[in-house]
There are 2 protein chains.
Amino acid sequence: MEYQEAKEKFISTWGSLGTLWGINKAMAQIQSLLFISTKALSMEEIMDELKISRGNTSMNLRQLMDWGIVTKELIPGERKEYFTTEKDVQELARHIAKERSRREIKPVIKILKDVSSIKDDGTAKTKELIKQTKALHDLAETADAMMNKIVNQEQNWITKSLLKLIK
Amino acid sequence: MEYQEAKEKFISTWGSLGTLWGINKAMAQIQSLLFISTKALSMEEIMDELKISRGNTSMNLRQLMDWGIVTKELIPGERKEYFTTEKDVQELARHIAKERSRREIKPVIKILKDVSSIKDDGTAKTKELIKQTKALHDLAETADAMMNKIVNQEQNWITKSLLKLIK
DNA sequence: ATAAACTTTCAATAATTATTGAAAGTTTAG
DNA sequence: CTAAACTTTCAATAATTATTGAAAGTTTAT
C-alpha cells in the first residue's frame, strides 16, 4: 500500500466512523486530513483534498472549533486562515469525551433522574418504571464519571493502574 | 409528573439517544418499552404503543434479537410471539459493548493497523501518517480492551477497584 | 473610501436513512 | 389438506440530514 492509498483509506475509514464519536462525516474527514497533515491547511486546500464545497468546509470547520479539536492558525503576512487539529491523541480523546459528556450524556442523566423520581403510586408498572430508570441512571452516572476521570487526569498513575487492571 | 408522562419521556429520551450506543430510533424505542414493561409484549402491543407499522416493528425486533438484547418468549397456548428485553442493566451494557466492539471498533483497529504498517519511504508526510495512525491504533486498542475487560468480568473485584479509582 | 481577498450564511437540492403497507411466506388448528 | 392467524419481506414513499453555491458579510491593503 502506497502513501496516497493509505491516506485515502485512513480518511474514509475515520470519516465513516464519525458516528462512533458523535460527529458527521465531513467533520470527521476534515479532522482526519488535518490530523495527518504536516502543516496547517487553508480552506482551499481542504476543499480540494476532500472535494467538498466552500460552504460545507466553512460550517464543519466551525463545528470542529466548537468541539475544541481544531484551531485557527494565523500565518503572518498571509491573508487566508489556516487550520490545525490537536495532534496528541490523548488530548484529542479528552476533548471528545468531555464534549460528548456535556452535550449528550449529562442531559440524559438529568432526565433519567427526573423520570425515576416520580411518585410511587404503588402500581406494579410504576414500580417497574422507577426501578429500571433508576438502574439506568446509576449506570449512566457511573460510566460518565469513570470516563471523565480517566480522560481528564493529568494522569499517569491512573493510566498505570488501569493498565494493570486490564492486563 | 405522572406515570404516562414519565413513561413517554423515558421512551423518547432513550430513543433519541440511540445514536449514542449505535442503534436507530425505532430499535431504541422498542427496547425502552420492553425495558419498563412488567410483562412480555406482542408485536401488536408494541405497534400500538409506539404507533409504528407492523413491518417496522418486525424488522427492528429482529435487529434487537441480533444484538442479543431482546428475546422471543413463547407463551404456551398462545399463537402470537411475545418479546422481552434483558432487564439487568449490567448485562445490557455488556451485550451492547460487545456488539459495538465487534461491529465497529475491531474493524477500524484492523484498518488502522494496516495503514500504520505501510512502508516508510522517508518522506515527512509518510512519517506523519505512520506516526499518527499508530497512535490512534494504540489508543483504540487500549480503549477497546479496557471496555471489554470492564464489561465482561464476572466482576466485583474490578468494579470495586475502579470505583476506588474514580472516587 | 474602495476594491480585492477572503469567510459566512442560508435557501434550495441532493443523498441518505427510516417507515409504511400490502403481498408473500410460515405455522398451527381443525 | 385448507383456512386462519400470524410474521417477514421489500418496493415505494416519507422524513431526515448533508451539501451546494451564490449572495451577503467582513477584513485588510492601498
# chains A, B, ... in the order shown; residues from 1 in each chain; ligands from 1
>>> calpha_fit_and_write(fixed="chain A", moving="chain B", output="short mmCIF file (atom, residue, chain, number, x, y, z; two decimals) with C-alpha atoms, in the first residue's frame")
data_model
loop_
_atom_site.label_atom_id
_atom_site.label_comp_id
_atom_site.auth_asym_id
_atom_site.auth_seq_id
_atom_site.Cartn_x
_atom_site.Cartn_y
_atom_site.Cartn_z
CA MET B 1 0.00 0.04 0.00
CA GLU B 2 1.41 3.39 -1.01
CA TYR B 3 1.09 6.72 0.75
CA GLN B 4 -1.82 8.05 -1.30
CA GLU B 5 -3.89 4.90 -0.90
CA ALA B 6 -3.15 4.66 2.81
CA LYS B 7 -4.08 8.28 3.29
CA GLU B 8 -7.39 7.91 1.47
CA LYS B 9 -8.16 4.74 3.37
CA PHE B 10 -7.47 6.41 6.66
CA ILE B 11 -9.59 9.46 5.88
CA SER B 12 -12.56 7.50 4.65
CA THR B 13 -12.42 4.98 7.51
CA TRP B 14 -12.02 7.55 10.19
CA GLY B 15 -14.69 9.62 8.49
CA SER B 16 -17.27 6.88 8.39
CA LEU B 17 -16.50 6.22 12.03
CA GLY B 18 -17.68 9.70 12.86
CA THR B 19 -20.91 8.34 14.28
CA LEU B 20 -18.94 6.44 16.88
CA TRP B 21 -17.76 9.64 18.44
CA GLY B 22 -20.85 11.63 17.54
CA ILE B 23 -19.88 13.87 14.64
CA ASN B 24 -20.77 13.83 10.97
CA LYS B 25 -18.80 12.54 8.02
CA ALA B 26 -17.44 15.79 6.65
CA MET B 27 -16.37 16.92 10.11
CA ALA B 28 -14.58 13.66 10.72
CA GLN B 29 -12.88 13.77 7.33
CA ILE B 30 -11.62 17.28 7.78
CA GLN B 31 -10.27 16.38 11.17
CA SER B 32 -8.56 13.27 9.74
CA LEU B 33 -6.95 15.26 6.98
CA LEU B 34 -5.56 17.77 9.44
CA PHE B 35 -4.50 15.03 11.79
CA ILE B 36 -2.06 13.53 9.32
CA SER B 37 -1.02 16.77 7.67
CA THR B 38 2.48 18.07 8.36
CA LYS B 39 1.29 21.67 8.21
CA ALA B 40 -1.75 23.83 8.80
CA LEU B 41 -4.15 23.84 5.83
CA SER B 42 -6.23 26.59 4.28
CA MET B 43 -9.89 26.25 3.39
CA GLU B 44 -8.95 25.96 -0.28
CA GLU B 45 -6.62 23.09 0.41
CA ILE B 46 -9.21 21.25 2.47
CA MET B 47 -11.90 21.74 -0.18
CA ASP B 48 -9.60 20.47 -2.89
CA GLU B 49 -8.38 17.43 -1.02
CA LEU B 50 -11.80 16.29 0.13
CA LYS B 51 -13.78 17.55 -2.87
CA ILE B 52 -16.33 19.35 -0.77
CA SER B 53 -17.82 22.80 -1.22
CA ARG B 54 -16.66 25.99 0.38
CA GLY B 55 -19.82 26.31 2.43
CA ASN B 56 -19.58 22.81 3.74
CA THR B 57 -15.95 23.27 4.67
CA SER B 58 -16.65 26.50 6.45
CA MET B 59 -19.52 25.10 8.49
CA ASN B 60 -17.74 21.96 9.50
CA LEU B 61 -14.55 23.75 10.44
CA ARG B 62 -16.62 25.92 12.68
CA GLN B 63 -18.15 22.91 14.36
CA LEU B 64 -14.74 21.35 14.85
CA MET B 65 -13.63 24.55 16.51
CA ASP B 66 -16.71 24.44 18.74
CA TRP B 67 -15.68 20.96 19.77
CA GLY B 68 -12.30 22.37 20.63
CA ILE B 69 -10.30 20.01 18.44
CA VAL B 70 -9.42 22.34 15.58
CA THR B 71 -7.88 25.78 15.86
CA LYS B 72 -7.19 28.64 13.50
CA GLU B 73 -3.59 29.42 12.91
CA LEU B 74 -2.83 32.86 11.57
CA ILE B 75 0.23 32.88 9.40
CA PRO B 76 1.92 36.30 9.42
CA GLY B 77 1.71 38.03 6.09
CA GLU B 78 -0.97 35.63 4.85
CA ARG B 79 -4.50 36.79 4.27
CA LYS B 80 -6.03 33.31 4.38
CA GLU B 81 -6.84 31.44 7.56
CA TYR B 82 -5.09 28.18 8.26
CA PHE B 83 -6.31 25.29 10.40
CA THR B 84 -4.73 22.64 12.55
CA THR B 85 -6.11 19.93 14.77
CA GLU B 86 -4.94 18.74 18.14
CA LYS B 87 -2.18 16.30 17.28
CA ASP B 88 -1.91 14.46 20.57
CA VAL B 89 -4.33 11.54 20.66
CA GLN B 90 -4.71 11.69 24.43
CA GLU B 91 -5.70 15.33 24.29
CA LEU B 92 -7.99 14.61 21.38
CA ALA B 93 -9.72 11.84 23.28
CA ARG B 94 -10.02 14.13 26.27
CA HIS B 95 -11.76 16.84 24.29
CA ILE B 96 -14.11 14.47 22.57
CA ALA B 97 -15.09 12.68 25.75
CA LYS B 98 -15.68 15.95 27.53
CA GLU B 99 -17.89 17.32 24.77
CA ARG B 100 -19.95 14.17 24.42
CA SER B 101 -20.49 14.06 28.12
CA ARG B 102 -21.61 17.66 28.18
CA ARG B 103 -23.81 17.53 25.09
CA GLU B 104 -25.39 14.12 25.32
CA ILE B 105 -24.76 12.16 28.46
CA LYS B 106 -25.34 14.78 31.13
CA PRO B 107 -28.74 15.84 29.73
CA VAL B 108 -29.88 12.24 29.59
CA ILE B 109 -28.75 11.61 33.15
CA LYS B 110 -30.84 14.57 34.20
CA ILE B 111 -33.95 13.18 32.52
CA LEU B 112 -33.38 9.71 33.94
CA LYS B 113 -33.21 11.28 37.34
CA ASP B 114 -36.47 13.15 36.82
CA VAL B 115 -38.26 10.11 35.48
CA SER B 116 -37.00 7.85 38.24
CA SER B 117 -38.18 10.37 40.83
CA ILE B 118 -41.89 10.23 40.05
CA LYS B 119 -44.23 9.47 42.90
CA ASP B 120 -44.63 5.77 43.61
CA ASP B 121 -48.38 5.17 43.36
CA GLY B 122 -47.98 1.56 44.38
CA THR B 123 -48.85 0.00 41.00
CA ALA B 124 -46.55 -2.61 39.52
CA LYS B 125 -45.91 -0.64 36.35
CA THR B 126 -44.90 2.48 38.22
CA LYS B 127 -42.63 0.47 40.45
CA GLU B 128 -41.02 -1.10 37.39
CA LEU B 129 -40.51 2.25 35.66
CA ILE B 130 -38.89 3.69 38.75
CA LYS B 131 -36.70 0.67 39.36
CA GLN B 132 -35.44 0.39 35.80
CA THR B 133 -34.83 4.06 35.15
CA LYS B 134 -33.04 4.30 38.47
CA ALA B 135 -30.78 1.44 37.45
CA LEU B 136 -30.04 3.13 34.14
CA HIS B 137 -29.43 6.40 35.88
CA ASP B 138 -26.88 4.85 38.17
CA LEU B 139 -25.16 3.06 35.32
CA ALA B 140 -25.03 6.19 33.17
CA GLU B 141 -23.70 8.26 36.02
CA THR B 142 -20.99 5.77 36.91
CA ALA B 143 -19.94 5.36 33.30
CA ASP B 144 -19.85 9.10 32.77
CA ALA B 145 -17.87 9.73 35.92
CA MET B 146 -15.44 7.00 35.06
CA MET B 147 -14.90 8.29 31.57
CA ASN B 148 -14.34 11.81 32.73
CA LYS B 149 -11.99 10.74 35.42
CA ILE B 150 -9.95 8.56 33.12
CA VAL B 151 -9.78 11.16 30.45
CA ASN B 152 -9.28 14.27 32.52
CA GLN B 153 -6.42 13.11 34.60
CA GLU B 154 -3.07 14.84 34.35
CA GLN B 155 -2.59 11.16 34.75
CA ASN B 156 -0.04 8.50 34.71
CA TRP B 157 -0.94 6.89 37.96
CA ILE B 158 -4.43 6.20 36.73
CA THR B 159 -3.30 4.95 33.35
CA LYS B 160 -0.89 2.65 35.06
CA SER B 161 -3.50 1.40 37.48
CA LEU B 162 -5.91 0.70 34.69
CA LEU B 163 -3.33 -1.00 32.55
CA LYS B 164 -2.56 -3.24 35.47
CA LEU B 165 -6.25 -4.04 35.81
CA ILE B 166 -6.81 -4.95 32.18
CA LYS B 167 -3.66 -6.97 31.69
#
>>> select_by_dssp(residues="range 15-144 of chain B", states="strand (DSSP E)", output="ChimeraX atom specification")
/B:41-42,70-73,82-85
>>> interface_residues(of="chain C", to="chain B", cutoff="10 Å", atoms="only C-alpha atoms (C1' of nucleotides)", output="JSON, numbers by chain")
{"C": [17, 18, 19, 20, 21, 27, 28]}
>>> atom_distance(atom1="C1' of DT2 in chain C", atom2="C1' of DT26 in chain D")
14.3 Å
>>> decode(residues="chain D", atoms="C-alpha atoms (C1' of nucleotides)", output="PDB file, in the first residue's frame")
ATOM      1  C1'  DC D   1     -55.410 -30.524   3.044  1.00  0.00           C
ATOM      2  C1'  DT D   2     -57.194 -25.817   3.896  1.00  0.00           C
ATOM      3  C1'  DA D   3     -58.056 -21.796   6.212  1.00  0.00           C
ATOM      4  C1'  DA D   4     -56.976 -18.706   9.729  1.00  0.00           C
ATOM      5  C1'  DA D   5     -53.508 -16.439  12.446  1.00  0.00           C
ATOM      6  C1'  DC D   6     -49.667 -14.673  12.455  1.00  0.00           C
ATOM      7  C1'  DT D   7     -44.730 -12.890  10.641  1.00  0.00           C
ATOM      8  C1'  DT D   8     -41.498 -11.427   7.158  1.00  0.00           C
ATOM      9  C1'  DT D   9     -40.034  -9.141   3.095  1.00  0.00           C
ATOM     10  C1'  DC D  10     -39.357  -5.372   0.139  1.00  0.00           C
ATOM     11  C1'  DA D  11     -40.516  -1.742  -3.325  1.00  0.00           C
ATOM     12  C1'  DA D  12     -42.459   2.684  -2.758  1.00  0.00           C
ATOM     13  C1'  DT D  13     -42.536   6.806  -0.104  1.00  0.00           C
ATOM     14  C1'  DA D  14     -41.624   9.891   3.578  1.00  0.00           C
ATOM     15  C1'  DA D  15     -38.612  12.058   6.815  1.00  0.00           C
ATOM     16  C1'  DT D  16     -34.258  13.471   7.998  1.00  0.00           C
ATOM     17  C1'  DT D  17     -29.716  15.037   7.313  1.00  0.00           C
ATOM     18  C1'  DA D  18     -25.874  16.700   4.496  1.00  0.00           C
ATOM     19  C1'  DT D  19     -24.226  19.504   0.754  1.00  0.00           C
ATOM     20  C1'  DT D  20     -24.054  23.045  -2.550  1.00  0.00           C
ATOM     21  C1'  DG D  21     -23.343  27.596  -4.393  1.00  0.00           C
ATOM     22  C1'  DA D  22     -24.175  32.151  -4.725  1.00  0.00           C
ATOM     23  C1'  DA D  23     -25.293  36.348  -2.224  1.00  0.00           C
ATOM     24  C1'  DA D  24     -24.146  38.847   1.817  1.00  0.00           C
ATOM     25  C1'  DG D  25     -20.742  39.855   5.171  1.00  0.00           C
ATOM     26  C1'  DT D  26     -16.023  41.004   6.856  1.00  0.00           C
ATOM     27  C1'  DT D  27     -11.337  42.369   6.850  1.00  0.00           C
ATOM     28  C1'  DT D  28      -7.247  44.389   5.032  1.00  0.00           C
ATOM     29  C1'  DA D  29      -4.384  46.980   1.738  1.00  0.00           C
ATOM     30  C1'  DT D  30      -3.925  50.978  -0.774  1.00  0.00           C
TER      31       DT D  30
END
